Amino acid sequence: MAQQQIELKRGLNGVYFDTTESSDVMPEGRLIYRGYDIHDLASKSTFEEVVYLMMHGALPTRWQLADFDAALKAARKLPPEVIDIIVKVKGAHPMDVLRTAISALSAFDGETETMGKDANIRKGIRLTAQTASIVAAHHRIRQGKPMLEPDPSLSHAGNFLYMLLGEKPDKDTAELMDRDFIVHLDHSSNASSFAARVTASTLADLHGCVVSGIATLKGPLHGGAAEGVMKMALEIGDVSNVESYLAKKHANRERIMGFGHRVYKAEDPRARHLRDGSALLAQKKGQPKWFQILSKVEEQMRPYAQRGICVNVDFWAGSVYYLLGIPEDLFIPIFAVARVPGYVVQVIEQQGRNVLIRPLVQYVGPHDQQYVPIDQRG
Ligand SMILES: CC(C)(COP(=O)(O)OP(=O)(O)OC[C@H]1O[C@@H](n2cnc3c(N)ncnc32)[C@H](O)[C@@H]1OP(=O)(O)O)[C@@H](O)C(=O)NCCC(=O)NCCS
């Protein structure tokens, strides 16, 4: 049979599959959430307020925000059964532990099977709080340290750092983590949000959709670049080695981690907030070395901007986490802590006017194979 002429879009590159009102990623280096510029939100808002904005579609009043914040705080404690599961799987990669624990939470959420926007917002609030608690609890458990009770006087970001590292962060550090969460919250049709939407399109429950998103985020082509950047900085070791390191990479046609983006062809607008944070932390911790190395890499890579290869969010995120004393295998889970409410928003949007996402793939294998019984095969 003659092969049908089909125009393939491998990787769905350049394909629009629906419309969205949640976020827009623009090639010229602009990002908006529900119409608000990321720079305004990162510098003037809080993670709690932005999660409200994303879930409800409008900024909250003072009272709405207070209720929302109270609901987030009320959900910080994990069911003891889920803690038992985390203890049992504590040796796995933190992303695998997170995926497993979120899946387990579905057994203890009274509304797992309740569908609709309102239930999804209630579950989404709980999942947002619980994701942070799982990442922190697992890190404490695997180190043999006691888990910490959530502190209701702290913001979502501040409480996460406290439960993870065992020390209450100062105002600047809590605000930096808050900004990091804001800029990572949503990013249009990225691979993991798309995975969450595909699951949502079958009318599966929210916990299942979030598990799909988290499983997809783990891959090094998606969530893993921040770790790669910090590995590069450690390999370079000293600012005087930057030029020779990059020359070798370019000669071998290797990619420089933290540069380039499928959509942005100018600087990723999220990068500047983490660059500022990295500079602040470097000064505060008396460890200017990593900031100096990365600044020099950024400077040396400037000519690549002409080809649309510019700095992306991951370039500075890794150094921020590193300077906070967070181990490299938690870089992707931290991304997940910020992105889970993004999955919730996209699932609500998908199910609000659902259509099953079921694309076609062109079959190119044989058509007329004859079945041979097993005892007659050579
Ligand atoms: C993110 C990324 C996968 C986007 O890739 P893409 O839009 O599909 O672009 P391509 O992979 O087709 O690359 C286009 C060209 O730019 C070059 N390029 C892209 N990113 C590069 C980088 N980080 N360093 C050096 N060259 C790069 C490619 O080598 C290719 O060059 P060629 O045309 O001479 O072969 C890619 O830029 C990358 O691998 N970056 C490093 C990893 C990273 O930081 N990921 C986090 C993204 S937020």
# chains A, B, ... in the order shown; residues from 1 in each chain; ligands from 1

$ closest_atom_pairs --of "chain A" --to "ligand 1" --cutoff "7 Å" --atoms "only C-alpha atoms and all ligand atoms" --output "tab-separated table"
residue	atom	partner	partner_atom_place_in_ligand_line	distance
A:Leu221	CA	ligand 1	45 (N)	6.3
A:His222	CA	ligand 1	46 (C)	6.5
A:Ala225	CA	ligand 1	45 (N)	4.9
A:Arg253	CA	ligand 1	29 (O)	6.9
A:Glu254	CA	ligand 1	25 (C)	6.3
A:Arg255	CA	ligand 1	24 (N)	3.5
A:Ile256	CA	ligand 1	24 (N)	4.0
A:Met257	CA	ligand 1	44 (O)	4.3
A:Gly258	CA	ligand 1	44 (O)	3.3
A:Phe259	CA	ligand 1	23 (N)	4.0
A:Gly260	CA	ligand 1	37 (O)	3.3
A:His261	CA	ligand 1	1 (C)	4.0
A:Arg262	CA	ligand 1	7 (O)	3.4
A:Val263	CA	ligand 1	7 (O)	6.7
A:Ile309	CA	ligand 1	20 (N)	5.8
A:Asn312	CA	ligand 1	48 (S)	5.5
A:Val313	CA	ligand 1	48 (S)	6.0
A:Asp314	CA	ligand 1	48 (S)	6.0
A:Phe315	CA	ligand 1	44 (O)	6.9

$ write_last_selection --atoms "C-alpha atoms" --output "PDB file, in the first residue's frame"
ATOM      1  CA  LEU A 221      15.613  17.990  28.821  1.00  0.00           C
ATOM      2  CA  HIS A 222      12.987  19.709  30.983  1.00  0.00           C
ATOM      3  CA  ALA A 225      19.285  22.173  33.324  1.00  0.00           C
ATOM      4  CA  ARG A 253      30.218  21.726  19.448  1.00  0.00           C
ATOM      5  CA  GLU A 254      28.840  21.015  22.922  1.00  0.00           C
ATOM      6  CA  ARG A 255      25.923  22.968  24.358  1.00  0.00           C
ATOM      7  CA  ILE A 256      26.366  25.389  27.207  1.00  0.00           C
ATOM      8  CA  MET A 257      23.828  24.642  29.925  1.00  0.00           C
ATOM      9  CA  GLY A 258      21.499  27.512  30.811  1.00  0.00           C
ATOM     10  CA  PHE A 259      21.482  29.004  27.299  1.00  0.00           C
ATOM     11  CA  GLY A 260      18.913  28.694  24.537  1.00  0.00           C
ATOM     12  CA  HIS A 261      15.172  28.141  24.604  1.00  0.00           C
ATOM     13  CA  ARG A 262      12.568  26.635  22.282  1.00  0.00           C
ATOM     14  CA  VAL A 263      10.454  29.826  22.340  1.00  0.00           C
ATOM     15  CA  ILE A 309      20.874  31.692  22.039  1.00  0.00           C
ATOM     16  CA  ASN A 312      17.543  31.111  30.306  1.00  0.00           C
ATOM     17  CA  VAL A 313      15.998  30.808  33.798  1.00  0.00           C
ATOM     18  CA  ASP A 314      18.077  27.762  34.719  1.00  0.00           C
ATOM     19  CA  PHE A 315      21.363  29.580  34.301  1.00  0.00           C
TER      20      PHE A 315
END

$ residues_around --residues "Pro341 in chain A" --least-positions-apart "6" --cutoff "9 Å" --atoms "only C-alpha atoms" --output "PyMOL selection string"
chain A and resi 51+54-55+124-125+127-128+185-186

$ residues_around --residues "Ala101 in chain A" --least-positions-apart "2" --cutoff "12 Å" --atoms "only C-alpha atoms" --output "number ranges by chain"
A: 78-90, 92, 94-99, 103-108, 127, 130-135, 137-138, 207-208, 210-211, 214

$ write_last_selection --atoms "C-alpha atoms" --output "mmCIF file, in the first residue's frame"
data_model
loop_
_atom_site.group_PDB
_atom_site.id
_atom_site.type_symbol
_atom_site.label_atom_id
_atom_site.label_comp_id
_atom_site.auth_asym_id
_atom_site.auth_seq_id
_atom_site.Cartn_x
_atom_site.Cartn_y
_atom_site.Cartn_z
ATOM 1 C CA LEU A 78 0.942 15.419 55.566
ATOM 2 C CA PRO A 79 -1.187 12.391 56.458
ATOM 3 C CA PRO A 80 0.901 10.020 58.664
ATOM 4 C CA GLU A 81 0.344 7.187 56.161
ATOM 5 C CA VAL A 82 2.027 9.263 53.443
ATOM 6 C CA ILE A 83 4.970 9.970 55.759
ATOM 7 C CA ASP A 84 5.272 6.191 56.296
ATOM 8 C CA ILE A 85 5.437 5.723 52.521
ATOM 9 C CA ILE A 86 8.122 8.434 52.215
ATOM 10 C CA VAL A 87 10.154 6.589 54.889
ATOM 11 C CA LYS A 88 9.819 3.344 52.905
ATOM 12 C CA VAL A 89 10.997 4.885 49.603
ATOM 13 C CA LYS A 90 13.473 7.400 51.077
ATOM 14 C CA ALA A 92 14.910 6.842 45.706
ATOM 15 C CA PRO A 94 13.627 12.923 45.382
ATOM 16 C CA MET A 95 11.513 13.343 42.229
ATOM 17 C CA ASP A 96 10.489 9.668 42.393
ATOM 18 C CA VAL A 97 9.659 10.068 46.081
ATOM 19 C CA LEU A 98 7.582 13.160 45.271
ATOM 20 C CA ARG A 99 5.708 11.369 42.476
ATOM 21 C CA SER A 103 0.027 9.506 44.117
ATOM 22 C CA ALA A 104 -0.447 8.190 47.673
ATOM 23 C CA LEU A 105 -2.128 11.450 48.748
ATOM 24 C CA SER A 106 -5.041 10.587 46.460
ATOM 25 C CA ALA A 107 -5.970 7.825 48.923
ATOM 26 C CA PHE A 108 -6.308 10.324 51.775
ATOM 27 C CA LEU A 127 -1.511 19.812 46.616
ATOM 28 C CA GLN A 130 1.631 19.279 50.357
ATOM 29 C CA THR A 131 4.203 19.262 47.521
ATOM 30 C CA ALA A 132 6.454 21.593 49.516
ATOM 31 C CA SER A 133 5.948 19.493 52.663
ATOM 32 C CA ILE A 134 6.808 16.236 50.850
ATOM 33 C CA VAL A 135 10.083 17.597 49.424
ATOM 34 C CA ALA A 137 9.999 15.880 54.798
ATOM 35 C CA HIS A 138 11.832 13.492 52.485
ATOM 36 C CA HIS A 207 -3.959 13.889 41.564
ATOM 37 C CA GLY A 208 -3.374 11.691 38.499
ATOM 38 C CA VAL A 210 -0.253 16.184 38.731
ATOM 39 C CA VAL A 211 1.540 12.820 38.898
ATOM 40 C CA ILE A 214 5.825 15.491 37.861
#

$ atom_distance --atom1 "CA of Ala204 in chain A" --atom2 "CA of Arg358 in chain A"
14.4 Å

$ closest_residue --among "A:Ser278, A:Ile141, A:His367, A:Glu49" --to "Met177 in chain A" --atoms "only C-alpha atoms"
A:Ser278

$ closest_residue --among "A:Ala119, A:Val347, A:Ile332, A:Ile293" --to "His184 in chain A" --atoms "only C-alpha atoms"
A:Ile332

$ select_by_dssp --residues "range 71-107 of chain A" --states "helix (DSSP H, G or I)" --output "list in words"
Ala71, Leu72, Lys73, Ala74, Pro80, Glu81, Val82, Ile83, Asp84, Ile85, Ile86, Val87, Lys88, Pro94, Met95, Asp96, Val97, Leu98, Arg99, Thr100, Ala101, Ile102, Ser103, Ala104 and Leu105 of chain A

$ write_last_selection --atoms "N, CA and C atoms" --output "mmCIF file, in the first residue's frame"
data_model
loop_
_atom_site.group_PDB
_atom_site.id
_atom_site.type_symbol
_atom_site.label_atom_id
_atom_site.label_comp_id
_atom_site.auth_asym_id
_atom_site.auth_seq_id
_atom_site.Cartn_x
_atom_site.Cartn_y
_atom_site.Cartn_z
ATOM 1 N N ALA A 71 -6.031 28.641 53.900
ATOM 2 C CA ALA A 71 -6.281 27.293 53.359
ATOM 3 C C ALA A 71 -4.963 26.607 53.002
ATOM 4 N N LEU A 72 -4.025 27.371 52.441
ATOM 5 C CA LEU A 72 -2.704 26.802 52.115
ATOM 6 C C LEU A 72 -1.999 26.340 53.391
ATOM 7 N N LYS A 73 -2.032 27.196 54.413
ATOM 8 C CA LYS A 73 -1.338 26.863 55.665
ATOM 9 C C LYS A 73 -1.977 25.644 56.336
ATOM 10 N N ALA A 74 -3.312 25.560 56.242
ATOM 11 C CA ALA A 74 -4.023 24.443 56.884
ATOM 12 C C ALA A 74 -3.675 23.108 56.233
ATOM 13 N N PRO A 80 -0.178 10.893 58.160
ATOM 14 C CA PRO A 80 0.901 10.020 58.664
ATOM 15 C C PRO A 80 1.177 8.831 57.745
ATOM 16 N N GLU A 81 0.132 8.334 57.071
ATOM 17 C CA GLU A 81 0.344 7.187 56.161
ATOM 18 C C GLU A 81 1.278 7.569 55.011
ATOM 19 N N VAL A 82 1.174 8.818 54.560
ATOM 20 C CA VAL A 82 2.027 9.263 53.443
ATOM 21 C C VAL A 82 3.470 9.428 53.943
ATOM 22 N N ILE A 83 3.611 9.879 55.184
ATOM 23 C CA ILE A 83 4.970 9.970 55.759
ATOM 24 C C ILE A 83 5.574 8.566 55.844
ATOM 25 N N ASP A 84 4.761 7.581 56.246
ATOM 26 C CA ASP A 84 5.272 6.191 56.296
ATOM 27 C C ASP A 84 5.767 5.743 54.929
ATOM 28 N N ILE A 85 5.031 6.112 53.880
ATOM 29 C CA ILE A 85 5.437 5.723 52.521
ATOM 30 C C ILE A 85 6.753 6.419 52.152
ATOM 31 N N ILE A 86 6.875 7.706 52.514
ATOM 32 C CA ILE A 86 8.122 8.434 52.215
ATOM 33 C C ILE A 86 9.301 7.735 52.909
ATOM 34 N N VAL A 87 9.084 7.293 54.148
ATOM 35 C CA VAL A 87 10.154 6.589 54.889
ATOM 36 C C VAL A 87 10.544 5.323 54.110
ATOM 37 N N LYS A 88 9.543 4.612 53.603
ATOM 38 C CA LYS A 88 9.819 3.344 52.905
ATOM 39 C C LYS A 88 10.592 3.558 51.603
ATOM 40 N N PRO A 94 14.698 12.102 44.799
ATOM 41 C CA PRO A 94 13.627 12.923 45.382
ATOM 42 C C PRO A 94 12.440 13.171 44.450
ATOM 43 N N MET A 95 12.657 13.173 43.143
ATOM 44 C CA MET A 95 11.513 13.343 42.229
ATOM 45 C C MET A 95 10.641 12.086 42.218
ATOM 46 N N ASP A 96 11.267 10.915 42.360
ATOM 47 C CA ASP A 96 10.489 9.668 42.393
ATOM 48 C C ASP A 96 9.706 9.582 43.701
ATOM 49 N N VAL A 97 10.341 10.058 44.782
ATOM 50 C CA VAL A 97 9.659 10.068 46.081
ATOM 51 C C VAL A 97 8.457 11.015 46.010
ATOM 52 N N LEU A 98 8.668 12.177 45.390
ATOM 53 C CA LEU A 98 7.582 13.160 45.271
ATOM 54 C C LEU A 98 6.420 12.587 44.457
ATOM 55 N N ARG A 99 6.754 11.960 43.339
ATOM 56 C CA ARG A 99 5.708 11.369 42.476
ATOM 57 C C ARG A 99 4.914 10.309 43.242
ATOM 58 N N THR A 100 5.639 9.465 43.970
ATOM 59 C CA THR A 100 4.998 8.384 44.730
ATOM 60 C C THR A 100 4.107 8.956 45.833
ATOM 61 N N ALA A 101 4.619 9.954 46.550
ATOM 62 C CA ALA A 101 3.873 10.518 47.683
ATOM 63 C C ALA A 101 2.623 11.256 47.198
ATOM 64 N N ILE A 102 2.733 11.955 46.067
ATOM 65 C CA ILE A 102 1.541 12.658 45.551
ATOM 66 C C ILE A 102 0.495 11.646 45.116
ATOM 67 N N SER A 103 0.954 10.562 44.513
ATOM 68 C CA SER A 103 0.027 9.506 44.117
ATOM 69 C C SER A 103 -0.664 8.947 45.373
ATOM 70 N N ALA A 104 0.113 8.735 46.429
ATOM 71 C CA ALA A 104 -0.447 8.190 47.673
ATOM 72 C C ALA A 104 -1.452 9.161 48.307
ATOM 73 N N LEU A 105 -1.211 10.466 48.153
ATOM 74 C CA LEU A 105 -2.128 11.450 48.748
ATOM 75 C C LEU A 105 -3.559 11.274 48.241
#

$ atom_distance --atom1 "CA of Glu28 in chain A" --atom2 "CA of Asn13 in chain A"
18.1 Å

$ residues_around --residues "Ala200 in chain A" --least-positions-apart "2" --cutoff "10 Å" --atoms "only C-alpha atoms" --output "MDAnalysis selection string"
chainID A and resid 194:198 202:210 212 343:344 346:351 354:357

$ write_last_selection --atoms "N, CA and C atoms" --output "PDB file, in the first residue's frame"
ATOM      1  N   PHE A 194       1.836  20.051  29.530  1.00  0.00           N
ATOM      2  CA  PHE A 194       1.127  19.380  28.430  1.00  0.00           C
ATOM      3  C   PHE A 194       0.751  17.959  28.863  1.00  0.00           C
ATOM      4  N   ALA A 195       1.707  17.276  29.534  1.00  0.00           N
ATOM      5  CA  ALA A 195       1.425  15.910  30.018  1.00  0.00           C
ATOM      6  C   ALA A 195       0.241  15.932  30.993  1.00  0.00           C
ATOM      7  N   ALA A 196       0.221  16.930  31.880  1.00  0.00           N
ATOM      8  CA  ALA A 196      -0.892  17.042  32.835  1.00  0.00           C
ATOM      9  C   ALA A 196      -2.205  17.266  32.081  1.00  0.00           C
ATOM     10  N   ARG A 197      -2.139  18.064  31.009  1.00  0.00           N
ATOM     11  CA  ARG A 197      -3.351  18.345  30.215  1.00  0.00           C
ATOM     12  C   ARG A 197      -3.834  17.099  29.476  1.00  0.00           C
ATOM     13  N   VAL A 198      -2.885  16.313  28.949  1.00  0.00           N
ATOM     14  CA  VAL A 198      -3.286  15.087  28.236  1.00  0.00           C
ATOM     15  C   VAL A 198      -4.058  14.180  29.197  1.00  0.00           C
ATOM     16  N   THR A 202      -8.659  13.140  29.546  1.00  0.00           N
ATOM     17  CA  THR A 202      -9.430  11.886  29.634  1.00  0.00           C
ATOM     18  C   THR A 202     -10.448  11.976  30.779  1.00  0.00           C
ATOM     19  N   LEU A 203     -10.499  13.149  31.422  1.00  0.00           N
ATOM     20  CA  LEU A 203     -11.316  13.404  32.608  1.00  0.00           C
ATOM     21  C   LEU A 203     -10.829  12.601  33.813  1.00  0.00           C
ATOM     22  N   ALA A 204      -9.520  12.335  33.833  1.00  0.00           N
ATOM     23  CA  ALA A 204      -8.905  11.712  35.013  1.00  0.00           C
ATOM     24  C   ALA A 204      -8.900  12.737  36.156  1.00  0.00           C
ATOM     25  N   ASP A 205      -8.672  12.250  37.381  1.00  0.00           N
ATOM     26  CA  ASP A 205      -8.694  13.141  38.548  1.00  0.00           C
ATOM     27  C   ASP A 205      -7.422  13.981  38.647  1.00  0.00           C
ATOM     28  N   LEU A 206      -7.497  15.061  39.446  1.00  0.00           N
ATOM     29  CA  LEU A 206      -6.392  16.024  39.543  1.00  0.00           C
ATOM     30  C   LEU A 206      -5.091  15.393  40.047  1.00  0.00           C
ATOM     31  N   HIS A 207      -5.190  14.504  41.055  1.00  0.00           N
ATOM     32  CA  HIS A 207      -3.959  13.889  41.564  1.00  0.00           C
ATOM     33  C   HIS A 207      -3.224  13.150  40.442  1.00  0.00           C
ATOM     34  N   GLY A 208      -3.975  12.424  39.622  1.00  0.00           N
ATOM     35  CA  GLY A 208      -3.374  11.691  38.499  1.00  0.00           C
ATOM     36  C   GLY A 208      -2.709  12.641  37.510  1.00  0.00           C
ATOM     37  N   CYS A 209      -3.367  13.777  37.241  1.00  0.00           N
ATOM     38  CA  CYS A 209      -2.812  14.754  36.290  1.00  0.00           C
ATOM     39  C   CYS A 209      -1.489  15.322  36.831  1.00  0.00           C
ATOM     40  N   VAL A 210      -1.463  15.609  38.133  1.00  0.00           N
ATOM     41  CA  VAL A 210      -0.253  16.184  38.731  1.00  0.00           C
ATOM     42  C   VAL A 210       0.873  15.140  38.726  1.00  0.00           C
ATOM     43  N   SER A 212       1.298  12.872  36.455  1.00  0.00           N
ATOM     44  CA  SER A 212       1.814  12.884  35.070  1.00  0.00           C
ATOM     45  C   SER A 212       2.788  14.034  34.878  1.00  0.00           C
ATOM     46  N   TYR A 343       0.242  23.251  37.072  1.00  0.00           N
ATOM     47  CA  TYR A 343      -0.472  22.091  36.513  1.00  0.00           C
ATOM     48  C   TYR A 343      -1.964  22.187  36.859  1.00  0.00           C
ATOM     49  N   VAL A 344      -2.237  22.579  38.109  1.00  0.00           N
ATOM     50  CA  VAL A 344      -3.638  22.652  38.555  1.00  0.00           C
ATOM     51  C   VAL A 344      -4.413  23.632  37.664  1.00  0.00           C
ATOM     52  N   GLN A 346      -3.755  24.568  34.610  1.00  0.00           N
ATOM     53  CA  GLN A 346      -3.943  24.065  33.242  1.00  0.00           C
ATOM     54  C   GLN A 346      -4.955  22.916  33.186  1.00  0.00           C
ATOM     55  N   VAL A 347      -5.008  22.120  34.247  1.00  0.00           N
ATOM     56  CA  VAL A 347      -6.007  21.037  34.307  1.00  0.00           C
ATOM     57  C   VAL A 347      -7.412  21.645  34.389  1.00  0.00           C
ATOM     58  N   ILE A 348      -7.556  22.681  35.218  1.00  0.00           N
ATOM     59  CA  ILE A 348      -8.873  23.340  35.339  1.00  0.00           C
ATOM     60  C   ILE A 348      -9.274  23.914  33.980  1.00  0.00           C
ATOM     61  N   GLU A 349      -8.316  24.553  33.308  1.00  0.00           N
ATOM     62  CA  GLU A 349      -8.610  25.148  32.001  1.00  0.00           C
ATOM     63  C   GLU A 349      -8.994  24.062  30.985  1.00  0.00           C
ATOM     64  N   GLN A 350      -8.224  22.969  30.995  1.00  0.00           N
ATOM     65  CA  GLN A 350      -8.485  21.875  30.050  1.00  0.00           C
ATOM     66  C   GLN A 350      -9.880  21.298  30.268  1.00  0.00           C
ATOM     67  N   GLN A 351     -10.192  21.015  31.544  1.00  0.00           N
ATOM     68  CA  GLN A 351     -11.469  20.349  31.819  1.00  0.00           C
ATOM     69  C   GLN A 351     -12.649  21.323  31.727  1.00  0.00           C
ATOM     70  N   ASN A 354     -13.410  20.795  27.759  1.00  0.00           N
ATOM     71  CA  ASN A 354     -12.552  19.658  27.417  1.00  0.00           C
ATOM     72  C   ASN A 354     -12.741  19.133  26.004  1.00  0.00           C
ATOM     73  N   VAL A 355     -11.607  18.690  25.453  1.00  0.00           N
ATOM     74  CA  VAL A 355     -11.618  17.868  24.253  1.00  0.00           C
ATOM     75  C   VAL A 355     -10.506  16.847  24.469  1.00  0.00           C
ATOM     76  N   LEU A 356     -10.788  15.603  24.170  1.00  0.00           N
ATOM     77  CA  LEU A 356      -9.774  14.552  24.353  1.00  0.00           C
ATOM     78  C   LEU A 356      -8.559  14.855  23.480  1.00  0.00           C
ATOM     79  N   ILE A 357      -7.375  14.890  24.098  1.00  0.00           N
ATOM     80  CA  ILE A 357      -6.138  15.127  23.322  1.00  0.00           C
ATOM     81  C   ILE A 357      -5.651  13.771  22.823  1.00  0.00           C
TER      82      ILE A 357
END

$ residues_around --residues "Asp40 in chain A" --least-positions-apart "5" --cutoff "12 Å" --atoms "only C-alpha atoms" --output "CSV table (one decimal) with N, CA and C atoms, in the first residue's frame"
chain,number,residue,atom,x,y,z
A,30,ARG,N,9.3,38.0,26.7
A,30,ARG,CA,8.3,38.5,27.6
A,30,ARG,C,7.5,37.4,28.1
A,31,LEU,N,7.1,37.4,29.4
A,31,LEU,CA,6.2,36.4,29.9
A,31,LEU,C,5.1,37.1,30.7
A,32,ILE,N,3.9,36.7,30.4
A,32,ILE,CA,2.8,37.2,31.2
A,32,ILE,C,2.0,36.1,31.8
A,33,TYR,N,1.5,36.3,33.0
A,33,TYR,CA,0.5,35.4,33.7
A,33,TYR,C,-0.8,36.2,33.7
A,35,GLY,N,-2.2,38.1,31.9
A,35,GLY,CA,-2.1,39.5,31.4
A,35,GLY,C,-1.1,40.3,32.2
A,45,SER,N,4.6,41.2,43.9
A,45,SER,CA,3.5,40.3,44.5
A,45,SER,C,4.2,39.2,45.4
A,46,THR,N,3.4,38.2,45.7
A,46,THR,CA,3.9,37.0,46.5
A,46,THR,C,3.4,35.8,45.8
A,50,VAL,N,0.0,35.1,43.6
A,50,VAL,CA,0.0,34.8,42.2
A,50,VAL,C,-0.7,33.4,42.0
A,179,ARG,N,10.2,34.6,45.0
A,179,ARG,CA,10.4,35.1,43.6
A,179,ARG,C,10.7,33.9,42.7
A,182,ILE,N,7.5,32.2,42.0
A,182,ILE,CA,6.7,32.9,41.1
A,182,ILE,C,7.1,32.7,39.7
A,183,VAL,N,8.4,32.9,39.4
A,183,VAL,CA,8.8,32.8,38.0
A,183,VAL,C,8.8,31.4,37.4
A,269,PRO,N,12.9,36.2,30.4
A,269,PRO,CA,12.6,37.3,31.3
A,269,PRO,C,12.7,36.9,32.8
A,270,ARG,N,12.7,35.6,33.0
A,270,ARG,CA,12.8,35.1,34.4
A,270,ARG,C,14.2,35.1,35.0
A,273,HIS,N,15.6,37.9,37.6
A,273,HIS,CA,15.3,37.9,39.0
A,273,HIS,C,16.2,37.0,39.8

$ atom_distance --atom1 "CA of Arg302 in chain A" --atom2 "CA of Ala317 in chain A"
19.0 Å
